[in-house]
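J.: What follows is a structure written as structure tokens; I'll ask about it next.
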Amino acid sequence: MKVTKNPWNISYFDRYSFGVLIAIELLMSFTFLGYIHISPISVTIAYLPILVAGCLFGSLQSVIIAFIFGLSSMYKASASYVMPSDAVFSPLLSGSPISSLFLSIGIRMIFGLLVGIAFTSVRKRKHYRIWIGVISAIAPKIHSLLVYTTMGILFPELGYNYSSAFHWNLNNTVFTIICVIVVELLWAIYQSDTIQNIKCYIDQSINNPYASGKMNLFFTAFEFFMLCMAIFAAIYFSERGYYMLKWHGIEVSNVISADLLLLQIQFLISLFSLNIISVILLVAIYKYMSYKEYKGEIDELTGIMGRRMFLYHCDKAQKTNHTDLEKTGWFLFVDADYFKSINDTFGHPTGDKVLKSIAINLQNTFGEYGKVGRIGGDEFAVIIEKTMSEQELKQRLEQFLNVISDTLPNRKVSCSIGAYQFVFPQDVKHLLSETDDVLYKAKENGRACYVTKTYTPNE
């Protein structure tokens with residue numbers, strides 16, 4: 001089954017996973033989750049998502065995560081209370097905006113690019129798992145080397161240079177171990193059979209006729225509601241914060257106000273990131289469950305729709321085309337002739353071969369005009385939703401009968417076909433009844449033929 005991909009040429013599951021990774025990066029950058037402070041250890045792990053993106057997806061994704069990480073670090077460095085070594089990352093405080101932008105964002109994007117290229121270059125190697133560990137282990141030092149070298153060039157007064165990256169302490173050891181464990185573990189989980197099965201279902205959910213467009217509207221409305229709640233919460237705590245400071249006699253200067261505003265926005269982004277993760281997971285779960293239901297309705301032998309799904313689609317087609325009162329379609333019943341005799345004479349595997357041949361050729365003949373379903377043991381149905389003349393229909397039916405006749409080498413295979421023309425919208429039960437009558441006439445005519453009944457306005 002063909003899977004539609006997004007413009008980045010990655011699957012829908014990968015797109016959802018990447019969205020979660022972006023939200024996690026924001027959450028780690030703006031909360032304590034991105035930092036480990038256990039004396040004497042103080043480790044920044046906020047750029048772990050860069051390594052994960054490079055390992056799981058590629059260079060483009062790792063560069064995007066790196067850009068977000070750089071933007072976040074630049075934002076936090078703009079507070080008045082940061083150390084001088086951190087202030088150089090802020091274009092507002094460093095005195096050299098262009099240099100700070102390059103240091104905060106440019107260097108991080110270069111790091112993301114290098115990480116993505118490194119993971120991509122070893123992806124097809126024999127011992128890829130070992131290479132994942134190696135790249136994950138040296139990545140922190142590469143990041144430090146890029147940052148310190150750039151700081152030494154752009155801000156030499158701070159006393160940093162490339163040699164600062166080669167200092168090793170307990171923090172470096174802990175972070176190296178964390179990088180290797182996290183990246184290796186996530187890669188193993190992502191490649192597991194369970195995740196790949198979920199990925200397959202979500203990627204193919206684009207072909208699910210049970211999927212409702214209203215659910216997309218619901219998820220959009222839900223995310224908008226959650227965003228509004230996050231904004232209201234941030235505004236509330238902001239007002240209470242100012243009130244509390246004044247109550248205790250603390251004068252709120254412009255500098256303090258600016259720092260409080262930075263913290264409030266940081267709090268809002270954290271809440272929004274949680275909302276994004278929640279919505280993405282809800283969408284993914286919905287698509288997985290609905291496609292799982294869809295797969296359960298697919299006829300296992302022939303690969304086409306089962307009875308329940310086919311009738312559901314027919315009913316949906318009537319509602320979809322209800323605005324054009326002059327649009328006509330065709331409903332077909334296709335019954336394999338003497339199928340029980342074929343099973344009894346040649347065995348069930350041969351009978352299965354006949355059913356598969358009928359299903360495949362019905363799909364090839366009418367698939368681009370409508371849908372095909374298996375509604376019984378040797379009974380098939382077709383709904384043609386595009387306008388088709390009776391002459392063209394007959395030509396296609398002749399073609400179909402000719403093709404399936406050669407399915408078995410020592411016996412001619414044939415079908416009885418009833419075709420009923422109708423005008424949208426039409427009650428599905430009426431279609432079944434009328435088409436069944438037409439099929440009965442085809443059987444009365446000796447089988448191995450088709451009978452059509454065209455729509456008349458006074459019907």
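To be explicit about the labels: the chains of the structure tokens are called A, B, and onward in the order shown, and within each one the residues are counted from 1, while ligands get numbers from 1 in the order they are shown.
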If you count only C-alpha atoms, which residues fall within 9 Å of A:Phe267, apart from same-chain ones fewer than 6 positions away, as a VMD selection string?
T.: chain A and resid 30 to 31 230 234
J.: Just to confirm, what's the straight-line distance from atom CA of A:Ser164 to atom CA of A:Val63 in Å (one decimal)?
T.: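 A separation of 24.5 Å between them.
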J.: May I have the residues within 10 Å of stretch 374-380 of chain A as a PDB file with N, CA, C and O atoms, in the first residue's frame, using only C-alpha atoms and disregarding those fewer than 5 positions away in the same chain?
T.:
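Result file is out_17.pdb:
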```pdb
ATOM      1  N   ILE A 298     -10.685  -5.183   6.653  1.00  0.00           N
ATOM      2  CA  ILE A 298     -10.176  -5.568   5.345  1.00  0.00           C
ATOM      3  C   ILE A 298     -10.254  -7.089   5.201  1.00  0.00           C
ATOM      4  O   ILE A 298      -9.875  -7.832   6.108  1.00  0.00           O
ATOM      5  N   ASP A 299     -10.755  -7.555   4.069  1.00  0.00           N
ATOM      6  CA  ASP A 299     -10.834  -8.992   3.824  1.00  0.00           C
ATOM      7  C   ASP A 299      -9.420  -9.559   3.749  1.00  0.00           C
ATOM      8  O   ASP A 299      -8.609  -9.141   2.909  1.00  0.00           O
ATOM      9  N   LEU A 301      -8.166 -12.442   2.837  1.00  0.00           N
ATOM     10  CA  LEU A 301      -7.774 -13.234   1.670  1.00  0.00           C
ATOM     11  C   LEU A 301      -7.495 -12.367   0.452  1.00  0.00           C
ATOM     12  O   LEU A 301      -6.465 -12.517  -0.204  1.00  0.00           O
ATOM     13  N   THR A 302      -8.407 -11.447   0.147  1.00  0.00           N
ATOM     14  CA  THR A 302      -8.318 -10.687  -1.100  1.00  0.00           C
ATOM     15  C   THR A 302      -7.684  -9.312  -0.937  1.00  0.00           C
ATOM     16  O   THR A 302      -7.266  -8.705  -1.924  1.00  0.00           O
ATOM     17  N   GLY A 303      -7.643  -8.785   0.290  1.00  0.00           N
ATOM     18  CA  GLY A 303      -7.045  -7.477   0.515  1.00  0.00           C
ATOM     19  C   GLY A 303      -7.955  -6.315   0.181  1.00  0.00           C
ATOM     20  O   GLY A 303      -7.514  -5.156   0.201  1.00  0.00           O
ATOM     21  N   ILE A 304      -9.220  -6.569  -0.136  1.00  0.00           N
ATOM     22  CA  ILE A 304     -10.160  -5.487  -0.413  1.00  0.00           C
ATOM     23  C   ILE A 304     -11.095  -5.323   0.786  1.00  0.00           C
ATOM     24  O   ILE A 304     -11.002  -6.054   1.769  1.00  0.00           O
ATOM     25  N   MET A 305     -12.003  -4.376   0.706  1.00  0.00           N
ATOM     26  CA  MET A 305     -12.902  -4.097   1.816  1.00  0.00           C
ATOM     27  C   MET A 305     -13.788  -5.296   2.142  1.00  0.00           C
ATOM     28  O   MET A 305     -14.254  -5.999   1.245  1.00  0.00           O
ATOM     29  N   GLY A 306     -14.031  -5.483   3.450  1.00  0.00           N
ATOM     30  CA  GLY A 306     -15.024  -6.453   3.873  1.00  0.00           C
ATOM     31  C   GLY A 306     -16.421  -5.846   3.763  1.00  0.00           C
ATOM     32  O   GLY A 306     -16.583  -4.670   3.431  1.00  0.00           O
ATOM     33  N   ARG A 307     -17.422  -6.638   4.074  1.00  0.00           N
ATOM     34  CA  ARG A 307     -18.814  -6.213   3.892  1.00  0.00           C
ATOM     35  C   ARG A 307     -19.137  -4.948   4.690  1.00  0.00           C
ATOM     36  O   ARG A 307     -19.668  -3.984   4.140  1.00  0.00           O
ATOM     37  N   ARG A 308     -18.798  -4.956   5.983  1.00  0.00           N
ATOM     38  CA  ARG A 308     -19.169  -3.826   6.837  1.00  0.00           C
ATOM     39  C   ARG A 308     -18.524  -2.534   6.363  1.00  0.00           C
ATOM     40  O   ARG A 308     -19.171  -1.491   6.286  1.00  0.00           O
ATOM     41  N   MET A 309     -17.234  -2.595   6.036  1.00  0.00           N
ATOM     42  CA  MET A 309     -16.548  -1.388   5.591  1.00  0.00           C
ATOM     43  C   MET A 309     -17.076  -0.914   4.236  1.00  0.00           C
ATOM     44  O   MET A 309     -17.246   0.287   4.013  1.00  0.00           O
ATOM     45  N   PHE A 310     -17.347  -1.861   3.343  1.00  0.00           N
ATOM     46  CA  PHE A 310     -17.825  -1.474   2.019  1.00  0.00           C
ATOM     47  C   PHE A 310     -19.174  -0.772   2.123  1.00  0.00           C
ATOM     48  O   PHE A 310     -19.393   0.275   1.493  1.00  0.00           O
ATOM     49  N   LEU A 311     -20.082  -1.319   2.905  1.00  0.00           N
ATOM     50  CA  LEU A 311     -21.400  -0.692   3.058  1.00  0.00           C
ATOM     51  C   LEU A 311     -21.285   0.658   3.764  1.00  0.00           C
ATOM     52  O   LEU A 311     -22.020   1.596   3.455  1.00  0.00           O
ATOM     53  N   LEU A 332     -22.755  -2.570  -8.491  1.00  0.00           N
ATOM     54  CA  LEU A 332     -22.593  -3.877  -9.122  1.00  0.00           C
ATOM     55  C   LEU A 332     -22.546  -4.991  -8.076  1.00  0.00           C
ATOM     56  O   LEU A 332     -21.921  -4.828  -7.018  1.00  0.00           O
ATOM     57  N   PHE A 333     -23.216  -6.076  -8.385  1.00  0.00           N
ATOM     58  CA  PHE A 333     -23.022  -7.334  -7.671  1.00  0.00           C
ATOM     59  C   PHE A 333     -22.315  -8.295  -8.618  1.00  0.00           C
ATOM     60  O   PHE A 333     -22.728  -8.466  -9.776  1.00  0.00           O
ATOM     61  N   VAL A 334     -21.239  -8.922  -8.133  1.00  0.00           N
ATOM     62  CA  VAL A 334     -20.458  -9.868  -8.931  1.00  0.00           C
ATOM     63  C   VAL A 334     -20.416 -11.193  -8.171  1.00  0.00           C
ATOM     64  O   VAL A 334     -19.892 -11.261  -7.048  1.00  0.00           O
ATOM     65  N   ASP A 335     -20.947 -12.231  -8.790  1.00  0.00           N
ATOM     66  CA  ASP A 335     -21.049 -13.536  -8.131  1.00  0.00           C
ATOM     67  C   ASP A 335     -20.275 -14.583  -8.934  1.00  0.00           C
ATOM     68  O   ASP A 335     -20.518 -14.757 -10.135  1.00  0.00           O
ATOM     69  N   ALA A 336     -19.313 -15.243  -8.302  1.00  0.00           N
ATOM     70  CA  ALA A 336     -18.528 -16.277  -8.996  1.00  0.00           C
ATOM     71  C   ALA A 336     -19.427 -17.471  -9.315  1.00  0.00           C
ATOM     72  O   ALA A 336     -20.111 -18.003  -8.440  1.00  0.00           O
ATOM     73  N   ASP A 337     -19.421 -17.890 -10.562  1.00  0.00           N
ATOM     74  CA  ASP A 337     -20.289 -18.993 -10.997  1.00  0.00           C
ATOM     75  C   ASP A 337     -19.723 -20.340 -10.544  1.00  0.00           C
ATOM     76  O   ASP A 337     -18.528 -20.620 -10.724  1.00  0.00           O
ATOM     77  N   TYR A 338     -20.608 -21.166 -10.000  1.00  0.00           N
ATOM     78  CA  TYR A 338     -20.272 -22.548  -9.631  1.00  0.00           C
ATOM     79  C   TYR A 338     -19.015 -22.623  -8.762  1.00  0.00           C
ATOM     80  O   TYR A 338     -18.153 -23.500  -8.947  1.00  0.00           O
ATOM     81  N   PHE A 339     -18.920 -21.708  -7.821  1.00  0.00           N
ATOM     82  CA  PHE A 339     -17.701 -21.648  -7.000  1.00  0.00           C
ATOM     83  C   PHE A 339     -17.578 -22.881  -6.114  1.00  0.00           C
ATOM     84  O   PHE A 339     -16.467 -23.387  -5.881  1.00  0.00           O
ATOM     85  N   LYS A 340     -18.681 -23.394  -5.613  1.00  0.00           N
ATOM     86  CA  LYS A 340     -18.638 -24.583  -4.767  1.00  0.00           C
ATOM     87  C   LYS A 340     -18.072 -25.775  -5.536  1.00  0.00           C
ATOM     88  O   LYS A 340     -17.302 -26.574  -5.003  1.00  0.00           O
ATOM     89  N   GLY A 351      -9.685 -22.509  -5.034  1.00  0.00           N
ATOM     90  CA  GLY A 351     -10.802 -21.594  -4.832  1.00  0.00           C
ATOM     91  C   GLY A 351     -10.332 -20.233  -4.353  1.00  0.00           C
ATOM     92  O   GLY A 351     -10.827 -19.188  -4.807  1.00  0.00           O
ATOM     93  N   ASP A 352      -9.366 -20.211  -3.452  1.00  0.00           N
ATOM     94  CA  ASP A 352      -8.805 -18.942  -2.973  1.00  0.00           C
ATOM     95  C   ASP A 352      -8.147 -18.179  -4.117  1.00  0.00           C
ATOM     96  O   ASP A 352      -8.236 -16.942  -4.191  1.00  0.00           O
ATOM     97  N   VAL A 354      -9.024 -18.240  -7.224  1.00  0.00           N
ATOM     98  CA  VAL A 354     -10.099 -17.657  -8.041  1.00  0.00           C
ATOM     99  C   VAL A 354     -10.635 -16.380  -7.394  1.00  0.00           C
ATOM    100  O   VAL A 354     -10.817 -15.355  -8.057  1.00  0.00           O
ATOM    101  N   LEU A 355     -10.859 -16.423  -6.090  1.00  0.00           N
ATOM    102  CA  LEU A 355     -11.375 -15.246  -5.386  1.00  0.00           C
ATOM    103  C   LEU A 355     -10.395 -14.081  -5.453  1.00  0.00           C
ATOM    104  O   LEU A 355     -10.792 -12.930  -5.657  1.00  0.00           O
ATOM    105  N   ILE A 358     -10.533 -12.567  -8.966  1.00  0.00           N
ATOM    106  CA  ILE A 358     -11.721 -11.727  -9.167  1.00  0.00           C
ATOM    107  C   ILE A 358     -11.535 -10.383  -8.476  1.00  0.00           C
ATOM    108  O   ILE A 358     -11.811  -9.322  -9.054  1.00  0.00           O
ATOM    109  N   ALA A 359     -11.054 -10.413  -7.222  1.00  0.00           N
ATOM    110  CA  ALA A 359     -10.865  -9.171  -6.468  1.00  0.00           C
ATOM    111  C   ALA A 359      -9.844  -8.257  -7.140  1.00  0.00           C
ATOM    112  O   ALA A 359     -10.076  -7.052  -7.297  1.00  0.00           O
ATOM    113  N   LEU A 362     -11.285  -6.855 -10.463  1.00  0.00           N
ATOM    114  CA  LEU A 362     -12.315  -5.840 -10.190  1.00  0.00           C
ATOM    115  C   LEU A 362     -11.653  -4.530  -9.770  1.00  0.00           C
ATOM    116  O   LEU A 362     -12.062  -3.439 -10.196  1.00  0.00           O
ATOM    117  N   CYS A 415     -18.311 -15.179 -14.071  1.00  0.00           N
ATOM    118  CA  CYS A 415     -19.081 -14.500 -13.026  1.00  0.00           C
ATOM    119  C   CYS A 415     -20.421 -14.058 -13.597  1.00  0.00           C
ATOM    120  O   CYS A 415     -20.538 -13.757 -14.799  1.00  0.00           O
ATOM    121  N   SER A 416     -21.414 -14.000 -12.725  1.00  0.00           N
ATOM    122  CA  SER A 416     -22.694 -13.379 -13.055  1.00  0.00           C
ATOM    123  C   SER A 416     -22.684 -11.986 -12.444  1.00  0.00           C
ATOM    124  O   SER A 416     -22.327 -11.821 -11.267  1.00  0.00           O
ATOM    125  N   ILE A 417     -23.076 -10.989 -13.247  1.00  0.00           N
ATOM    126  CA  ILE A 417     -22.947  -9.602 -12.796  1.00  0.00           C
ATOM    127  C   ILE A 417     -24.264  -8.867 -13.012  1.00  0.00           C
ATOM    128  O   ILE A 417     -24.850  -8.915 -14.105  1.00  0.00           O
TER     129      ILE A 417
END
```
J.: Report, in Å to a single decimal, how far apart atom CA of A:Asp259 and atom CA of A:Ile68 are.
T.: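 Interatomic distance here is 20.8 Å.
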J.: Please identify which residues in stretch 238-305 of chain A DSSP calls alpha helix (DSSP H) from the backbone, and express them as a ChimeraX atom specification.
T.: /A:238-247,254-296
J.: For stretch 149-161 of chain A, find every residue with an atom within 8 Å (counting only C-alpha atoms), except residues of its own chain fewer than 2 positions away, and show them as an NGL selection string.
T.: :A and (85 or 88 or 99 or 103 or 107 or 145-147 or 163-165)
J.: Which residues are near A:Leu271? Cut-off 9 Å, only C-alpha atoms, ignore same chain within fewer than 5 positions. Put them as a compact mmCIF listing (two decimals) with N, CA and C atoms, in the first residue's frame.
T.:
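Written file, part-v1.txt:
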```
# COMPACT_ATOMS: atom_id res chain seq x y z
N LEU A 27 10.83 22.24 26.44
CA LEU A 27 10.55 21.94 27.84
C LEU A 27 11.84 21.80 28.63
N MET A 226 -6.31 24.73 25.16
CA MET A 226 -5.21 24.53 26.10
C MET A 226 -4.23 25.70 26.06
N LEU A 227 -4.00 26.24 24.87
CA LEU A 227 -3.12 27.41 24.76
C LEU A 227 -3.71 28.61 25.49
N ALA A 230 -3.23 28.16 29.13
CA ALA A 230 -1.84 28.41 29.51
C ALA A 230 -1.57 29.92 29.60
N ILE A 231 -2.11 30.67 28.65
CA ILE A 231 -1.93 32.12 28.66
C ILE A 231 -2.61 32.73 29.88
N GLN A 266 8.75 32.32 29.73
CA GLN A 266 9.39 31.00 29.85
C GLN A 266 8.40 29.98 30.41
N ILE A 276 1.49 20.70 23.43
CA ILE A 276 1.84 20.17 22.11
C ILE A 276 2.09 18.67 22.19
```
J.: Could you name the residues that touch stretch 43-52 of chain A at 7 Å or less, counting only C-alpha atoms, but leaving out those on the same chain fewer than 5 positions away, as a PDB file with N, CA, C and O atoms, in the first residue's frame?
T.:
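Wrote part-v2.pdb, looks like this:
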```
ATOM      1  N   LEU A  21       9.750  15.817  19.836  1.00  0.00           N
ATOM      2  CA  LEU A  21      11.143  16.122  20.167  1.00  0.00           C
ATOM      3  C   LEU A  21      11.368  17.636  20.272  1.00  0.00           C
ATOM      4  O   LEU A  21      12.101  18.109  21.153  1.00  0.00           O
ATOM      5  N   GLU A  25      12.526  19.586  23.611  1.00  0.00           N
ATOM      6  CA  GLU A  25      13.657  20.521  23.633  1.00  0.00           C
ATOM      7  C   GLU A  25      13.268  21.834  24.313  1.00  0.00           C
ATOM      8  O   GLU A  25      14.011  22.360  25.155  1.00  0.00           O
ATOM      9  N   MET A  28      12.826  21.138  28.065  1.00  0.00           N
ATOM     10  CA  MET A  28      14.106  20.965  28.748  1.00  0.00           C
ATOM     11  C   MET A  28      14.866  22.281  28.858  1.00  0.00           C
ATOM     12  O   MET A  28      15.521  22.555  29.869  1.00  0.00           O
ATOM     13  N   SER A  29      14.768  23.113  27.828  1.00  0.00           N
ATOM     14  CA  SER A  29      15.502  24.370  27.824  1.00  0.00           C
ATOM     15  C   SER A  29      14.944  25.365  28.833  1.00  0.00           C
ATOM     16  O   SER A  29      15.682  26.179  29.390  1.00  0.00           O
ATOM     17  N   GLY A  34      16.172  20.145  31.827  1.00  0.00           N
ATOM     18  CA  GLY A  34      17.355  20.188  30.970  1.00  0.00           C
ATOM     19  C   GLY A  34      18.660  20.289  31.726  1.00  0.00           C
ATOM     20  O   GLY A  34      19.729  20.440  31.117  1.00  0.00           O
ATOM     21  N   TYR A  35      18.573  20.213  33.062  1.00  0.00           N
ATOM     22  CA  TYR A  35      19.776  20.409  33.861  1.00  0.00           C
ATOM     23  C   TYR A  35      19.785  19.452  35.050  1.00  0.00           C
ATOM     24  O   TYR A  35      18.752  19.177  35.651  1.00  0.00           O
ATOM     25  N   ILE A  36      20.961  18.942  35.362  1.00  0.00           N
ATOM     26  CA  ILE A  36      21.134  18.068  36.511  1.00  0.00           C
ATOM     27  C   ILE A  36      22.020  18.788  37.525  1.00  0.00           C
ATOM     28  O   ILE A  36      23.166  19.130  37.219  1.00  0.00           O
ATOM     29  N   HIS A  37      21.482  19.051  38.706  1.00  0.00           N
ATOM     30  CA  HIS A  37      22.244  19.716  39.767  1.00  0.00           C
ATOM     31  C   HIS A  37      22.234  18.827  41.003  1.00  0.00           C
ATOM     32  O   HIS A  37      21.335  18.899  41.834  1.00  0.00           O
ATOM     33  N   SER A  62      18.165  17.650  13.004  1.00  0.00           N
ATOM     34  CA  SER A  62      19.085  18.005  14.089  1.00  0.00           C
ATOM     35  C   SER A  62      19.441  19.482  14.038  1.00  0.00           C
ATOM     36  O   SER A  62      19.622  20.122  15.081  1.00  0.00           O
ATOM     37  N   ILE A  65      16.411  21.385  15.601  1.00  0.00           N
ATOM     38  CA  ILE A  65      16.437  21.276  17.063  1.00  0.00           C
ATOM     39  C   ILE A  65      17.561  22.149  17.630  1.00  0.00           C
ATOM     40  O   ILE A  65      17.392  22.813  18.662  1.00  0.00           O
ATOM     41  N   ALA A  66      18.697  22.152  16.963  1.00  0.00           N
ATOM     42  CA  ALA A  66      19.827  22.978  17.413  1.00  0.00           C
ATOM     43  C   ALA A  66      19.469  24.463  17.356  1.00  0.00           C
ATOM     44  O   ALA A  66      19.851  25.240  18.242  1.00  0.00           O
ATOM     45  N   PHE A  69      17.335  25.145  20.338  1.00  0.00           N
ATOM     46  CA  PHE A  69      18.166  25.174  21.541  1.00  0.00           C
ATOM     47  C   PHE A  69      18.941  26.488  21.634  1.00  0.00           C
ATOM     48  O   PHE A  69      19.026  27.112  22.700  1.00  0.00           O
ATOM     49  N   GLY A 112      24.553  20.980  15.184  1.00  0.00           N
ATOM     50  CA  GLY A 112      23.475  20.091  14.751  1.00  0.00           C
ATOM     51  C   GLY A 112      23.754  19.483  13.386  1.00  0.00           C
ATOM     52  O   GLY A 112      23.482  18.295  13.151  1.00  0.00           O
ATOM     53  N   VAL A 115      26.487  16.797  13.750  1.00  0.00           N
ATOM     54  CA  VAL A 115      25.925  15.598  14.391  1.00  0.00           C
ATOM     55  C   VAL A 115      25.077  14.809  13.395  1.00  0.00           C
ATOM     56  O   VAL A 115      25.190  13.578  13.291  1.00  0.00           O
ATOM     57  N   SER A 136      27.823   9.645  20.030  1.00  0.00           N
ATOM     58  CA  SER A 136      27.143  10.214  21.198  1.00  0.00           C
ATOM     59  C   SER A 136      28.142  10.592  22.288  1.00  0.00           C
ATOM     60  O   SER A 136      27.952  11.576  23.003  1.00  0.00           O
ATOM     61  N   ASN A 171      31.718  16.051  35.796  1.00  0.00           N
ATOM     62  CA  ASN A 171      30.556  16.467  35.005  1.00  0.00           C
ATOM     63  C   ASN A 171      30.621  15.927  33.583  1.00  0.00           C
ATOM     64  O   ASN A 171      29.625  15.460  33.023  1.00  0.00           O
ATOM     65  N   PHE A 175      27.958  13.327  31.859  1.00  0.00           N
ATOM     66  CA  PHE A 175      27.195  13.703  30.679  1.00  0.00           C
ATOM     67  C   PHE A 175      27.476  12.775  29.501  1.00  0.00           C
ATOM     68  O   PHE A 175      26.580  12.450  28.722  1.00  0.00           O
ATOM     69  N   CYS A 179      24.596  10.710  27.530  1.00  0.00           N
ATOM     70  CA  CYS A 179      24.404  10.818  26.076  1.00  0.00           C
ATOM     71  C   CYS A 179      24.377   9.445  25.419  1.00  0.00           C
ATOM     72  O   CYS A 179      23.479   9.151  24.617  1.00  0.00           O
ATOM     73  N   VAL A 183      20.768   8.011  23.817  1.00  0.00           N
ATOM     74  CA  VAL A 183      20.690   7.874  22.356  1.00  0.00           C
ATOM     75  C   VAL A 183      20.598   6.407  21.951  1.00  0.00           C
ATOM     76  O   VAL A 183      19.772   6.039  21.100  1.00  0.00           O
TER      77      VAL A 183
END
```
J.: Show which residues sit within 12 Å of A:Leu92, as a PDB file with C-alpha atoms, in the first residue's frame. Count only C-alpha atoms, and ignore same-chain residues fewer than 4 positions away.
T.:
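Result written to part_2.pdb:
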```
ATOM      1  CA  MET A  74      19.879  33.266  23.842  1.00  0.00           C
ATOM      2  CA  TYR A  75      16.497  34.089  25.388  1.00  0.00           C
ATOM      3  CA  LYS A  76      17.533  32.941  28.874  1.00  0.00           C
ATOM      4  CA  ALA A  77      20.843  34.823  28.607  1.00  0.00           C
ATOM      5  CA  SER A  78      18.914  38.079  28.182  1.00  0.00           C
ATOM      6  CA  ALA A  79      17.987  38.272  31.887  1.00  0.00           C
ATOM      7  CA  SER A  80      19.835  40.910  33.892  1.00  0.00           C
ATOM      8  CA  ASP A  86      26.397  33.785  29.856  1.00  0.00           C
ATOM      9  CA  ALA A  87      25.548  37.378  28.917  1.00  0.00           C
ATOM     10  CA  VAL A  88      27.670  37.112  25.747  1.00  0.00           C
ATOM     11  CA  SER A  96      28.009  42.823  20.039  1.00  0.00           C
ATOM     12  CA  PRO A  97      24.624  41.582  18.738  1.00  0.00           C
ATOM     13  CA  ILE A  98      25.901  39.898  15.582  1.00  0.00           C
ATOM     14  CA  SER A  99      28.581  37.996  17.476  1.00  0.00           C
ATOM     15  CA  SER A 100      26.065  36.884  20.091  1.00  0.00           C
ATOM     16  CA  LEU A 101      23.636  35.676  17.435  1.00  0.00           C
TER      17      LEU A 101
END
```
